[in-house]
Amino acid sequence: MRGRTLSAGIVLAVFTGMTVTLAAQPVTASPSAATTATRPIAASAAVLAAPDISVTNVQAHLTQFNSIASSNGGNRRAGSAGYTASVSYVKSRLQAAGYTVSEQTCSSCTYPSNNLIAEWPGGPTDQVVMFGAHLDSVSAGPGINDNASGSATLLENALVLAAQNPTMTKKVRFAWWTDEEQGLNGSRFYVNSLTTTQRGYIKGYYNFDMVGSTNGGYFINRVTSTTAAPLKAYWDSLGLQPEENVEGQGRSDDYYFQQAGIPTSGYAAGASARKTSSQAAKWGGTANAAYDSCYHRSCDTTANVSATVLNRAADGVAYALWQLAVGGGTPTNDFSIAVNPTALAVARGASTTATVTTATTSGSAQTVSLTASGAPSGVSVSFSPSSVTSGGSATLTLTASAGAATGTVTVTVTGTGSVTRTASLTLTVTGTGGCAGGQVVGNGGFESGSTPWTASSGVITNSGSQPARTGSYKAWLDGYGSTHTDTLSQSVTVPAGCASYTLSFWLHIDTAETTSSTAYDKLVVQVGSTTLATYSNLNAAAGYAQRTFNVAGFAGQTVTVKFTGTEDSSLQTSFVIDDVTLQAS
């Protein structure tokens with residue numbers, strides 16, 4: 001999203017006298033003023049149910065954009081090699097899926113570069129619904145939330161539309177804009193290039209800018225407009241109570257479409273503005289903190305995206321697209337089902353739980369009966385409650401008898417209503433009954449040398465330059481004041497069947513860096529492939545501070561606890577670790 005707000009005199013778009021012809025049915029059966037349209041769609045002509053967009057696939061696109069930035073100077077700024085590579089990535093995926101793809105050179109942009117436009121075959125050419133997101137980042141970082149999140153959300157929706165190849169009632173056009181960060185220049189160039197007739201063909205433009213903010217809110221551009229109705233209907237079905245995108249007014253690519261008299265809306269999750277107490281109460285997150293603490297910073301990486309917020313935006317886009325442009329079929333009541341976590345371990349004689357969630361994805365809410373299959377001999381499965389109204393959740397309990405068959409299996413959870421939907425989890429049954437408990441990290445105070453740790457040379461030390469918290473030895477990562485990487489790791493077996501699992505260590509960070517805003521040197525803490533936390537020179541403080549994490553998700557597994565310290569080319573930062581424990585009880 002563009003960093004500066006346009007002046008108040010030109011932010012307001014005037015739509016007096018304009019007739020809007022878009023219409024959408026709400027996700028739920030309850031009426032909403034926001035779904036009223038000039039020409040409403042009759043219920044008997046309701047569109048087919050929208051697909052569930054895989055957030056994992058969206059995140060895979062984000063990983064690609066992050067990698068592109070890393071390989072091209074750390075950013076994807078318009079006109080840069082990183083931006084050109086981003087265009088190539090999106091274009092190649094769309095062409096392979098069957099889209100008609102074109103690049104439009106923005107000659108008036110601050111950094112001359114290309115917009116990317118893609119159309120799906122089918123639908124009348126004079127009835128166009130357009131979905132757009134800016135593809136460029138600022139020069140300070142890779143721009144993953146701002147705005148690879150919007151770009152990846154649209155890319156995956158485009159690929160799913162191509163894979164399903166439904167009958168189209170409108171032409172669907174996707175756009176990825178350049179030079180947004182320099183003043184919305186790419187989208188302005190595109191709108192200015194259209195004739196009056198071509199502008200009239202576009203019945204709605206939907207913009208998606210920063211849709212994965214980690215402390216995010218649920219904001220919709222022109223939330224009470226008819227154009228916004230399908231976006232709002234989907235989020236209403238999740239009980240999110242979306243609000244107007246006040247922060248983003250006049251600051252993203254919908255602006256020049258508004259100025260041209262084209263109806264607009266879109267999703268956003270917030271930038272540098274702060275979440276209010278009332279918003280935190282209904283959406284979660286931290287009150288009085290920025291929606292995106294890494295806005296326009298180098299830390300706007302794949303770690304700076306909420307999968308939950310991103311998933312809800314991606315599915316909302318699909319719902320709107322299907323409502324507005326996909327035809328055929330009769331009204332269908334449909335729902336989705338998911339289980340969290342998707343991998344569990346249980347010891348003989350113990351039990352474990354997961355949460356089964358459902359959501360109404362089209363039509364009206366319905367009763368969903370829950371069953372499970374695939375559990376090994378000696379493992380019983382129960383649900384509380386055993387049936388839910390779609391949109392509700394239940395607790396899944398798996399109980400292993402003393403003689404339960406050991407090993408790893410896939411348990412399938414089935415929801416049965418007017419349709420049948422399934423989700424799966426991986427269950428590992430171990431032979432150890434009860435909770436073995438205890439402290440599983442060896443030599444956590446480093447007083448017995450390096451065993452059983454694996455560490456870079458010189459990391460485990462009794463040097464007096466950085467004192468240990470207790471005893472004489474500690475692990476001292478980095479502190480060289482030059483480009484350097486140190487690692488410290490230990491493989492541990494986490495017992496199953498315990499009530500609590502806590503990883504704890506004491507950390508002291510000492511730095512010569514003078515910045516108060518840039519994380520030059522970093523310490524990443526991982527268990528297995530999961531990153532628990534990242535610390536940097538910005539966290540420097542006198543003395544040691546204890547850091548604790550709930551690692552119950554690793555019960556019954558053998559995993560590696562790993563610390564990785566990376567230091568840039570100047571000004572040292574020392575990450576000093578002592579008294580590491582992983583306590584199961």
# chains A, B, ... in the order shown; residues from 1 in each chain; ligands from 1
>>> residues_around(residues="Ser351 (chain A)", least_positions_apart="6", cutoff="12 Å", atoms="only C-alpha atoms", output="list in words")
Leu344, Ala345, Gly378, Val379, Ser380, Val381, Ser382, Leu396, Thr397, Leu398, Thr399, Ala400, Ser401, Ala402, Ala404, Leu427, Thr428, Val429, Thr430, Gly433, Gly434, Cys435, Ala496, Gly497, Cys498 and Ala499 of chain A
>>> closest_residue(among="A:Thr564, A:Ser390, A:Ser574, A:Asn192", to="Trp476 (chain A)", atoms="only C-alpha atoms")
A:Ser574
>>> residues_around(residues="Ser336 (chain A)", least_positions_apart="6", cutoff="7 Å", atoms="only C-alpha atoms", output="list in words")
Thr358, Ala359, Thr360, Thr361 and Arg421 of chain A
>>> write_last_selection(atoms="all heavy atoms", output="CSV table (one decimal), in the first residue's frame")
chain,number,residue,atom,x,y,z
A,358,THR,N,-16.2,-26.2,11.4
A,358,THR,CA,-16.9,-26.2,10.2
A,358,THR,C,-17.3,-24.8,9.8
A,358,THR,O,-17.2,-23.9,10.6
A,358,THR,CB,-18.2,-27.0,10.3
A,358,THR,OG1,-19.0,-26.4,11.3
A,358,THR,CG2,-17.9,-28.5,10.7
A,359,ALA,N,-17.6,-24.6,8.5
A,359,ALA,CA,-18.0,-23.2,8.1
A,359,ALA,C,-19.0,-23.4,6.9
A,359,ALA,O,-18.9,-24.3,6.1
A,359,ALA,CB,-16.8,-22.4,7.6
A,360,THR,N,-20.0,-22.6,6.9
A,360,THR,CA,-21.0,-22.5,5.8
A,360,THR,C,-20.3,-21.8,4.6
A,360,THR,O,-19.9,-20.7,4.7
A,360,THR,CB,-22.2,-21.8,6.2
A,360,THR,OG1,-22.8,-22.4,7.3
A,360,THR,CG2,-23.3,-21.8,5.0
A,361,THR,N,-20.1,-22.5,3.5
A,361,THR,CA,-19.4,-21.9,2.4
A,361,THR,C,-20.4,-21.5,1.3
A,361,THR,O,-20.0,-20.7,0.4
A,361,THR,CB,-18.4,-22.9,1.8
A,361,THR,OG1,-19.1,-24.1,1.4
A,361,THR,CG2,-17.3,-23.2,2.7
A,421,ARG,N,-18.3,-33.9,3.6
A,421,ARG,CA,-17.0,-33.3,3.5
A,421,ARG,C,-16.1,-34.0,4.5
A,421,ARG,O,-16.5,-34.5,5.6
A,421,ARG,CB,-17.1,-31.8,3.8
A,421,ARG,CG,-17.9,-31.1,2.8
A,421,ARG,CD,-17.2,-30.9,1.5
A,421,ARG,NE,-17.9,-30.2,0.4
A,421,ARG,CZ,-18.5,-30.8,-0.6
A,421,ARG,NH1,-18.5,-32.1,-0.7
A,421,ARG,NH2,-19.2,-30.1,-1.5
>>> closest_atom_pairs(of="region 168-232 of chain A", to="region 255-275 of chain A", cutoff="6 Å", atoms="only C-alpha atoms", output="JSON lines")
{"residue": "A:Arg188", "atom": "CA", "partner": "A:Tyr256", "partner_atom": "CA", "distance": 5.6}
{"residue": "A:Gly204", "atom": "CA", "partner": "A:Pro263", "partner_atom": "CA", "distance": 4.9}
{"residue": "A:Tyr205", "atom": "CA", "partner": "A:Thr264", "partner_atom": "CA", "distance": 4.8}
{"residue": "A:Tyr206", "atom": "CA", "partner": "A:Gly266", "partner_atom": "CA", "distance": 4.7}
{"residue": "A:Asn207", "atom": "CA", "partner": "A:Gly266", "partner_atom": "CA", "distance": 4.5}
{"residue": "A:Phe208", "atom": "CA", "partner": "A:Tyr267", "partner_atom": "CA", "distance": 5.3}
{"residue": "A:Asp209", "atom": "CA", "partner": "A:Ala268", "partner_atom": "CA", "distance": 5.6}
{"residue": "A:Met210", "atom": "CA", "partner": "A:Ala268", "partner_atom": "CA", "distance": 5.5}
{"residue": "A:Val211", "atom": "CA", "partner": "A:Ala269", "partner_atom": "CA", "distance": 4.9}
{"residue": "A:Ser213", "atom": "CA", "partner": "A:Ala269", "partner_atom": "CA", "distance": 5.5}
{"residue": "A:Gly216", "atom": "CA", "partner": "A:Ala269", "partner_atom": "CA", "distance": 4.8}
{"residue": "A:Gly217", "atom": "CA", "partner": "A:Ala269", "partner_atom": "CA", "distance": 4.8}
{"residue": "A:Tyr218", "atom": "CA", "partner": "A:Ala269", "partner_atom": "CA", "distance": 5.4}
{"residue": "A:Phe219", "atom": "CA", "partner": "A:Ala268", "partner_atom": "CA", "distance": 5.2}
{"residue": "A:Ile220", "atom": "CA", "partner": "A:Tyr267", "partner_atom": "CA", "distance": 4.7}
{"residue": "A:Asn221", "atom": "CA", "partner": "A:Ser265", "partner_atom": "CA", "distance": 4.6}
{"residue": "A:Arg222", "atom": "CA", "partner": "A:Ser265", "partner_atom": "CA", "distance": 5.8}
{"residue": "A:Ala228", "atom": "CA", "partner": "A:Ser265", "partner_atom": "CA", "distance": 5.3}
>>> write_last_selection(atoms="all heavy atoms", output="short mmCIF file (atom, residue, chain, number, x, y, z; two decimals), in the first residue's frame")
data_model
loop_
_atom_site.label_atom_id
_atom_site.label_comp_id
_atom_site.auth_asym_id
_atom_site.auth_seq_id
_atom_site.Cartn_x
_atom_site.Cartn_y
_atom_site.Cartn_z
N ARG A 188 -3.27 3.86 -12.43
CA ARG A 188 -3.70 5.11 -13.05
C ARG A 188 -3.44 5.06 -14.56
O ARG A 188 -4.29 5.47 -15.36
CB ARG A 188 -2.97 6.30 -12.42
CG ARG A 188 -3.26 7.61 -13.16
CD ARG A 188 -2.80 8.82 -12.38
NE ARG A 188 -1.41 8.75 -11.95
CZ ARG A 188 -0.81 9.68 -11.23
NH1 ARG A 188 -1.49 10.76 -10.84
NH2 ARG A 188 0.46 9.55 -10.87
N GLY A 204 -17.37 -3.86 -12.02
CA GLY A 204 -16.86 -3.77 -10.66
C GLY A 204 -15.37 -4.04 -10.63
O GLY A 204 -14.88 -4.92 -11.35
N TYR A 205 -14.63 -3.25 -9.86
CA TYR A 205 -13.20 -3.49 -9.65
C TYR A 205 -12.99 -3.77 -8.17
O TYR A 205 -13.41 -3.00 -7.29
CB TYR A 205 -12.35 -2.29 -10.07
CG TYR A 205 -10.89 -2.47 -9.65
CD1 TYR A 205 -10.06 -3.33 -10.36
CD2 TYR A 205 -10.38 -1.83 -8.52
CE1 TYR A 205 -8.75 -3.54 -9.96
CE2 TYR A 205 -9.07 -2.03 -8.12
CZ TYR A 205 -8.25 -2.89 -8.84
OH TYR A 205 -6.96 -3.11 -8.43
N TYR A 206 -12.31 -4.88 -7.87
CA TYR A 206 -12.05 -5.32 -6.50
C TYR A 206 -10.55 -5.32 -6.25
O TYR A 206 -9.79 -5.97 -6.98
CB TYR A 206 -12.64 -6.71 -6.27
CG TYR A 206 -14.15 -6.72 -6.32
CD1 TYR A 206 -14.82 -6.82 -7.53
CD2 TYR A 206 -14.90 -6.58 -5.16
CE1 TYR A 206 -16.21 -6.80 -7.58
CE2 TYR A 206 -16.28 -6.57 -5.19
CZ TYR A 206 -16.93 -6.67 -6.41
OH TYR A 206 -18.31 -6.64 -6.45
N ASN A 207 -10.12 -4.61 -5.20
CA ASN A 207 -8.70 -4.41 -4.91
C ASN A 207 -8.30 -5.13 -3.63
O ASN A 207 -9.04 -5.11 -2.63
CB ASN A 207 -8.41 -2.91 -4.76
CG ASN A 207 -6.93 -2.62 -4.83
OD1 ASN A 207 -6.31 -2.78 -5.87
ND2 ASN A 207 -6.36 -2.18 -3.72
N PHE A 208 -7.11 -5.74 -3.64
CA PHE A 208 -6.66 -6.52 -2.49
C PHE A 208 -5.22 -6.13 -2.16
O PHE A 208 -4.29 -6.45 -2.89
CB PHE A 208 -6.80 -8.02 -2.79
CG PHE A 208 -8.22 -8.37 -3.13
CD1 PHE A 208 -8.64 -8.37 -4.45
CD2 PHE A 208 -9.14 -8.60 -2.14
CE1 PHE A 208 -9.96 -8.63 -4.77
CE2 PHE A 208 -10.46 -8.85 -2.44
CZ PHE A 208 -10.88 -8.87 -3.76
N ASP A 209 -5.07 -5.39 -1.06
CA ASP A 209 -3.79 -4.79 -0.69
C ASP A 209 -3.54 -5.04 0.79
O ASP A 209 -4.25 -4.51 1.65
CB ASP A 209 -3.83 -3.29 -0.98
CG ASP A 209 -2.45 -2.63 -0.91
OD1 ASP A 209 -1.51 -3.29 -0.45
OD2 ASP A 209 -2.34 -1.46 -1.31
N MET A 210 -2.56 -5.89 1.10
CA MET A 210 -2.21 -6.25 2.48
C MET A 210 -3.35 -7.04 3.12
O MET A 210 -4.10 -6.53 3.95
CB MET A 210 -1.85 -5.01 3.31
CG MET A 210 -0.70 -4.22 2.74
SD MET A 210 -0.24 -2.77 3.71
CE MET A 210 0.34 -3.56 5.24
N VAL A 211 -3.48 -8.31 2.76
CA VAL A 211 -4.59 -9.14 3.25
C VAL A 211 -4.11 -10.25 4.18
O VAL A 211 -4.81 -11.24 4.39
CB VAL A 211 -5.39 -9.74 2.08
CG1 VAL A 211 -6.08 -8.63 1.30
CG2 VAL A 211 -4.50 -10.57 1.15
N SER A 213 -2.07 -9.29 7.34
CA SER A 213 -1.38 -8.61 8.44
C SER A 213 -1.43 -9.44 9.72
O SER A 213 -2.47 -9.98 10.09
CB SER A 213 -2.00 -7.23 8.69
OG SER A 213 -2.03 -6.48 7.50
N GLY A 216 -3.85 -8.35 12.21
CA GLY A 216 -4.76 -7.80 11.24
C GLY A 216 -6.18 -7.57 11.72
O GLY A 216 -6.66 -8.16 12.69
N GLY A 217 -6.84 -6.70 10.98
CA GLY A 217 -8.27 -6.49 11.10
C GLY A 217 -8.94 -6.97 9.83
O GLY A 217 -8.30 -7.44 8.89
N TYR A 218 -10.25 -6.84 9.79
CA TYR A 218 -11.03 -7.27 8.65
C TYR A 218 -11.75 -6.05 8.07
O TYR A 218 -12.80 -5.65 8.56
CB TYR A 218 -12.00 -8.39 9.06
CG TYR A 218 -11.25 -9.63 9.49
CD1 TYR A 218 -10.92 -9.84 10.84
CD2 TYR A 218 -10.80 -10.55 8.56
CE1 TYR A 218 -10.20 -10.96 11.23
CE2 TYR A 218 -10.08 -11.68 8.94
CZ TYR A 218 -9.78 -11.87 10.27
OH TYR A 218 -9.06 -12.98 10.66
N PHE A 219 -11.13 -5.47 7.06
CA PHE A 219 -11.59 -4.21 6.50
C PHE A 219 -12.03 -4.42 5.05
O PHE A 219 -11.43 -5.19 4.30
CB PHE A 219 -10.49 -3.16 6.55
CG PHE A 219 -10.00 -2.88 7.95
CD1 PHE A 219 -8.77 -3.35 8.38
CD2 PHE A 219 -10.79 -2.18 8.85
CE1 PHE A 219 -8.32 -3.12 9.68
CE2 PHE A 219 -10.36 -1.94 10.14
CZ PHE A 219 -9.13 -2.41 10.56
N ILE A 220 -13.10 -3.69 4.67
CA ILE A 220 -13.63 -3.76 3.32
C ILE A 220 -13.77 -2.34 2.79
O ILE A 220 -14.29 -1.46 3.48
CB ILE A 220 -15.00 -4.47 3.29
CG1 ILE A 220 -14.85 -5.92 3.78
CG2 ILE A 220 -15.59 -4.45 1.88
CD1 ILE A 220 -16.14 -6.70 3.83
N ASN A 221 -13.30 -2.12 1.57
CA ASN A 221 -13.45 -0.82 0.94
C ASN A 221 -14.92 -0.58 0.61
O ASN A 221 -15.56 -1.42 -0.02
CB ASN A 221 -12.63 -0.75 -0.36
CG ASN A 221 -11.17 -1.06 -0.14
OD1 ASN A 221 -10.66 -0.98 0.98
ND2 ASN A 221 -10.48 -1.41 -1.21
N ARG A 222 -15.46 0.58 1.05
CA ARG A 222 -16.86 0.93 0.81
C ARG A 222 -17.76 -0.20 1.27
O ARG A 222 -18.58 -0.75 0.52
CB ARG A 222 -17.09 1.27 -0.66
CG ARG A 222 -16.22 2.42 -1.17
CD ARG A 222 -16.38 2.68 -2.66
NE ARG A 222 -17.75 3.05 -2.97
CZ ARG A 222 -18.54 2.36 -3.78
NH1 ARG A 222 -18.10 1.23 -4.34
NH2 ARG A 222 -19.77 2.77 -4.03
N ALA A 228 -19.62 -4.10 -2.55
CA ALA A 228 -18.95 -4.84 -1.47
C ALA A 228 -19.75 -6.03 -0.97
O ALA A 228 -19.23 -6.84 -0.19
CB ALA A 228 -18.67 -3.90 -0.30
#
>>> atom_distance(atom1="CA of Asp568 (chain A)", atom2="CA of Leu477 (chain A)")
13.1 Å
>>> closest_residue(among="A:Ser448, A:Gln546, A:Gln439, A:Asn185", to="Gly471 (chain A)", atoms="only C-alpha atoms")
A:Ser448
